[in-house]
Amino acid sequence: MDPRDCKDELAEILITEEEMQERLAEMAQQISADYAGKNLLLVGVLKGAIMVMADLSRKIAIPVEMDWMAVSSYGSGTKSSGVVRILKDLDTDLAGRHVLIVEDIIDSGLTLSWLVRNLENRGAASVKIAAALRKKEAAKVEVDVEYLGFDIPNDFVVGYGLDYAEKYRTLPCVAKLSPHVYEK
Ligand code: 5GP
Ligand code: MG
Ligand code: MG
């Protein structure tokens with residue numbers, strides 16, 4: 001979907017398609033070097049991470065495996081509570097594996113900090129994080145991100161896998177929604 005086709009619904013484009021792809025290429029280069037000779041497993045967190053997984057994984061120069069999890073953070077309203085429920089678990093045995101979690105965005109950090117601990121407890125050799133976006137000011141817990149795309153302001157964003165009511169995931173850019181969309 002071209003951002004021009006929904007420009008009335010977007011308040012501001014924060015990261016263009018080109019900026020995102022360029023940054024992902026740099027991250028992929030770093031990942032390829034860091035994991036050379038290792039058997040890397042990419043773990044994507046559904047559904048938001050589908051785009052970053054598709055683009056980042058194809059820019060990585062070493063062979064990788066891919067698996068997916070779906071989790072839900074309980075809690076009131078739209079805020080993450082840190083209580084996480086697994087909706088779809090991995091198919092892969094993590095014992096001795098080098099795992100790189102691929103995420104769309106780090107907001108409170110609660111989901112990821114829970115996930116890192118959960119995957120480490122399965123006997124992974126290493127568990128690291130690659131995330132396209134981070135809202136630094138929203139952090140409730142510190143999460144070590146090995147590979148980060150961009151720090152963004154503490155606003156609700158859509159695009160590049162991120163939705164509002166399941167819409168806007170297919171935008172190639174990251175944008176702030178116009179308030180009138182929420183108020184509808
Ligand atoms: P957490 O607060 O646990 O770090 O974030 C959990 C999840 O909430 C993220 O992986 C992402 O799917 C969703 N999320 C956080 N911030 C935003 C945002 O600005 N826009 C959208 N669409 N989803 C978000
Ligand atoms: Mg996510
Ligand atoms: Mg969502």
# chains A, B, ... in the order shown; residues from 1 in each chain; ligands from 1
>>> select_by_dssp(residues="region 19-64 of chain A", states="helix (DSSP H, G or I)", output="PyMOL selection string")
chain A and resi 19-34+50-59
>>> residues_near_ligand(ligand="ligand 3", cutoff="9 Å", atoms="only C-alpha atoms and all ligand atoms", output="ChimeraX atom specification")
/A:47-48,78,158,161-166
>>> closest_atom_pairs(of="chain A", to="ligand 2", cutoff="6 Å", atoms="only C-alpha atoms and all ligand atoms", output="JSON lines")
{"residue": "A:Val45", "atom": "CA", "partner": "ligand 2", "partner_atom_place_in_ligand_line": "1 (Mg)", "distance": 5.7}
{"residue": "A:Gly48", "atom": "CA", "partner": "ligand 2", "partner_atom_place_in_ligand_line": "1 (Mg)", "distance": 4.8}
{"residue": "A:Ala49", "atom": "CA", "partner": "ligand 2", "partner_atom_place_in_ligand_line": "1 (Mg)", "distance": 5.9}
{"residue": "A:Glu103", "atom": "CA", "partner": "ligand 2", "partner_atom_place_in_ligand_line": "1 (Mg)", "distance": 5.5}
{"residue": "A:Asp104", "atom": "CA", "partner": "ligand 2", "partner_atom_place_in_ligand_line": "1 (Mg)", "distance": 5.1}
{"residue": "A:Ile105", "atom": "CA", "partner": "ligand 2", "partner_atom_place_in_ligand_line": "1 (Mg)", "distance": 5.9}
>>> write_last_selection(atoms="N, CA and C atoms", output="compact mmCIF listing (two decimals), in the first residue's frame")
# COMPACT_ATOMS: atom_id res chain seq x y z
N VAL A 45 7.99 -12.54 16.12
CA VAL A 45 6.84 -12.44 17.01
C VAL A 45 5.66 -11.92 16.18
N GLY A 48 3.15 -8.46 14.24
CA GLY A 48 3.83 -7.20 13.89
C GLY A 48 5.17 -7.37 13.21
N ALA A 49 5.87 -8.48 13.50
CA ALA A 49 7.24 -8.62 13.02
C ALA A 49 7.34 -9.22 11.62
N GLU A 103 11.78 -8.43 16.23
CA GLU A 103 10.58 -7.72 16.70
C GLU A 103 10.33 -6.44 15.92
N ASP A 104 9.08 -6.05 15.89
CA ASP A 104 8.71 -4.80 15.26
C ASP A 104 9.13 -3.60 16.10
N ILE A 105 8.69 -3.60 17.37
CA ILE A 105 8.87 -2.40 18.18
C ILE A 105 9.01 -2.76 19.65
>>> atom_distance(atom1="CA of His98 (chain A)", atom2="CA of Ala125 (chain A)")
5.3 Å
>>> atom_distance(atom1="CA of Asp67 (chain A)", atom2="CA of Ala139 (chain A)")
26.4 Å
>>> closest_residue(among="A:Lys135, A:Ala11, A:Val83, A:Leu171", to="Gly159 (chain A)", atoms="only C-alpha atoms")
A:Leu171
>>> closest_residue(among="A:Lys59, A:Arg122, A:His180, A:Arg85", to="ligand 1", atoms="only C-alpha atoms and all ligand atoms")
A:Arg85
>>> residues_around(residues="Ser113 (chain A)", least_positions_apart="5", cutoff="8 Å", atoms="only C-alpha atoms", output="MDAnalysis selection string")
chainID A and resid 141:143
>>> residues_around(residues="Val64 (chain A)", least_positions_apart="2", cutoff="9 Å", atoms="only C-alpha atoms", output="PyMOL selection string")
chain A and resi 39-42+57+60-62+66
>>> write_last_selection(atoms="C-alpha atoms", output="tab-separated table (two decimals), in the first residue's frame")
chain	number	residue	atom	x	y	z
A	39	ASN	CA	23.58	-22.00	13.19
A	40	LEU	CA	21.26	-19.01	13.62
A	41	LEU	CA	17.54	-19.29	14.39
A	42	LEU	CA	15.42	-16.19	13.80
A	57	SER	CA	16.16	-12.21	6.90
A	60	ILE	CA	21.34	-11.66	5.97
A	61	ALA	CA	24.16	-13.28	4.04
A	62	ILE	CA	24.49	-16.48	6.07
A	66	MET	CA	13.07	-19.13	10.89
>>> select_by_dssp(residues="region 48-148 of chain A", states="strand (DSSP E or B)", output="CSV table (one decimal) with N, CA and C atoms, in the first residue's frame")
chain,number,residue,atom,x,y,z
A,64,VAL,N,20.0,-19.1,7.5
A,64,VAL,CA,19.3,-19.0,8.8
A,64,VAL,C,18.1,-19.8,8.8
A,65,GLU,N,17.6,-20.2,10.0
A,65,GLU,CA,16.3,-20.9,10.1
A,65,GLU,C,15.4,-19.8,10.7
A,66,MET,N,14.1,-20.1,10.5
A,66,MET,CA,13.1,-19.1,10.9
A,66,MET,C,12.0,-19.9,11.6
A,67,ASP,N,11.5,-19.3,12.7
A,67,ASP,CA,10.3,-19.8,13.4
A,67,ASP,C,9.5,-18.7,14.0
A,68,TRP,N,8.3,-19.0,14.4
A,68,TRP,CA,7.4,-17.9,14.8
A,68,TRP,C,6.7,-18.2,16.2
A,69,MET,N,6.5,-17.2,16.9
A,69,MET,CA,5.6,-17.3,18.1
A,69,MET,C,4.5,-16.2,18.0
A,70,ALA,N,3.4,-16.5,18.7
A,70,ALA,CA,2.4,-15.5,18.9
A,70,ALA,C,2.2,-15.4,20.4
A,71,VAL,N,2.2,-14.2,20.9
A,71,VAL,CA,2.0,-14.0,22.3
A,71,VAL,C,1.0,-12.9,22.5
A,72,SER,N,0.4,-12.9,23.7
A,72,SER,CA,-0.5,-11.8,24.0
A,72,SER,C,-0.2,-11.3,25.4
A,73,SER,N,-0.1,-10.0,25.5
A,73,SER,CA,0.1,-9.4,26.8
A,73,SER,C,-1.2,-9.0,27.4
A,84,VAL,N,2.4,-12.4,30.1
A,84,VAL,CA,2.4,-12.8,28.7
A,84,VAL,C,1.8,-14.2,28.6
A,85,ARG,N,1.0,-14.4,27.6
A,85,ARG,CA,0.4,-15.7,27.3
A,85,ARG,C,0.9,-16.2,25.9
A,86,ILE,N,1.3,-17.4,25.8
A,86,ILE,CA,1.7,-17.9,24.5
A,86,ILE,C,0.5,-18.4,23.7
A,87,LEU,N,0.2,-17.8,22.6
A,87,LEU,CA,-0.9,-18.2,21.7
A,87,LEU,C,-0.4,-19.2,20.7
A,88,LYS,N,0.8,-19.1,20.2
A,88,LYS,CA,1.4,-20.0,19.3
A,88,LYS,C,2.8,-20.2,19.7
A,98,HIS,N,21.5,-20.8,18.8
A,98,HIS,CA,21.7,-19.3,18.9
A,98,HIS,C,20.4,-18.7,18.3
A,99,VAL,N,19.7,-18.0,19.2
A,99,VAL,CA,18.4,-17.4,18.9
A,99,VAL,C,18.5,-15.9,18.7
A,100,LEU,N,17.9,-15.4,17.6
A,100,LEU,CA,17.8,-13.9,17.5
A,100,LEU,C,16.3,-13.6,17.4
A,101,ILE,N,15.7,-13.0,18.4
A,101,ILE,CA,14.3,-12.6,18.3
A,101,ILE,C,14.2,-11.4,17.4
A,102,VAL,N,13.3,-11.5,16.5
A,102,VAL,CA,13.0,-10.4,15.5
A,102,VAL,C,11.7,-9.7,15.9
A,103,GLU,N,11.8,-8.4,16.2
A,103,GLU,CA,10.6,-7.7,16.7
A,103,GLU,C,10.3,-6.4,15.9
A,104,ASP,N,9.1,-6.0,15.9
A,104,ASP,CA,8.7,-4.8,15.3
A,104,ASP,C,9.1,-3.6,16.1
A,105,ILE,N,8.7,-3.6,17.4
A,105,ILE,CA,8.9,-2.4,18.2
A,105,ILE,C,9.0,-2.8,19.7
A,106,ILE,N,9.9,-2.0,20.3
A,106,ILE,CA,10.0,-2.2,21.8
A,106,ILE,C,9.3,-0.9,22.4
A,126,SER,N,22.3,-18.8,23.1
A,126,SER,CA,22.3,-17.4,23.2
A,126,SER,C,20.9,-16.9,22.8
A,127,VAL,N,20.5,-15.8,23.4
A,127,VAL,CA,19.2,-15.2,23.0
A,127,VAL,C,19.4,-13.7,22.9
A,128,LYS,N,19.3,-13.2,21.6
A,128,LYS,CA,19.5,-11.7,21.4
A,128,LYS,C,18.3,-11.2,20.7
A,129,ILE,N,18.3,-9.8,20.6
A,129,ILE,CA,17.1,-9.2,20.0
A,129,ILE,C,17.5,-8.3,18.8
A,130,ALA,N,16.7,-8.3,17.8
A,130,ALA,CA,16.8,-7.4,16.7
A,130,ALA,C,15.4,-6.7,16.6
A,131,ALA,N,15.4,-5.4,16.7
A,131,ALA,CA,14.1,-4.7,16.6
A,131,ALA,C,14.2,-3.6,15.6
A,132,ALA,N,13.1,-3.4,14.9
A,132,ALA,CA,13.1,-2.3,13.9
A,132,ALA,C,13.0,-0.9,14.6
A,133,LEU,N,12.2,-0.9,15.7
A,133,LEU,CA,11.9,0.4,16.3
A,133,LEU,C,11.9,0.3,17.8
A,134,ARG,N,12.2,1.4,18.5
A,134,ARG,CA,12.2,1.4,19.9
A,134,ARG,C,11.7,2.8,20.4
A,147,TYR,N,20.6,-5.3,18.0
A,147,TYR,CA,20.4,-4.7,16.7
A,147,TYR,C,19.2,-3.9,16.6
A,148,LEU,N,19.3,-2.6,16.5
A,148,LEU,CA,18.2,-1.7,16.5
A,148,LEU,C,18.1,-0.8,15.3
>>> atom_distance(atom1="CA of Met27 (chain A)", atom2="CA of Asp155 (chain A)")
23.9 Å
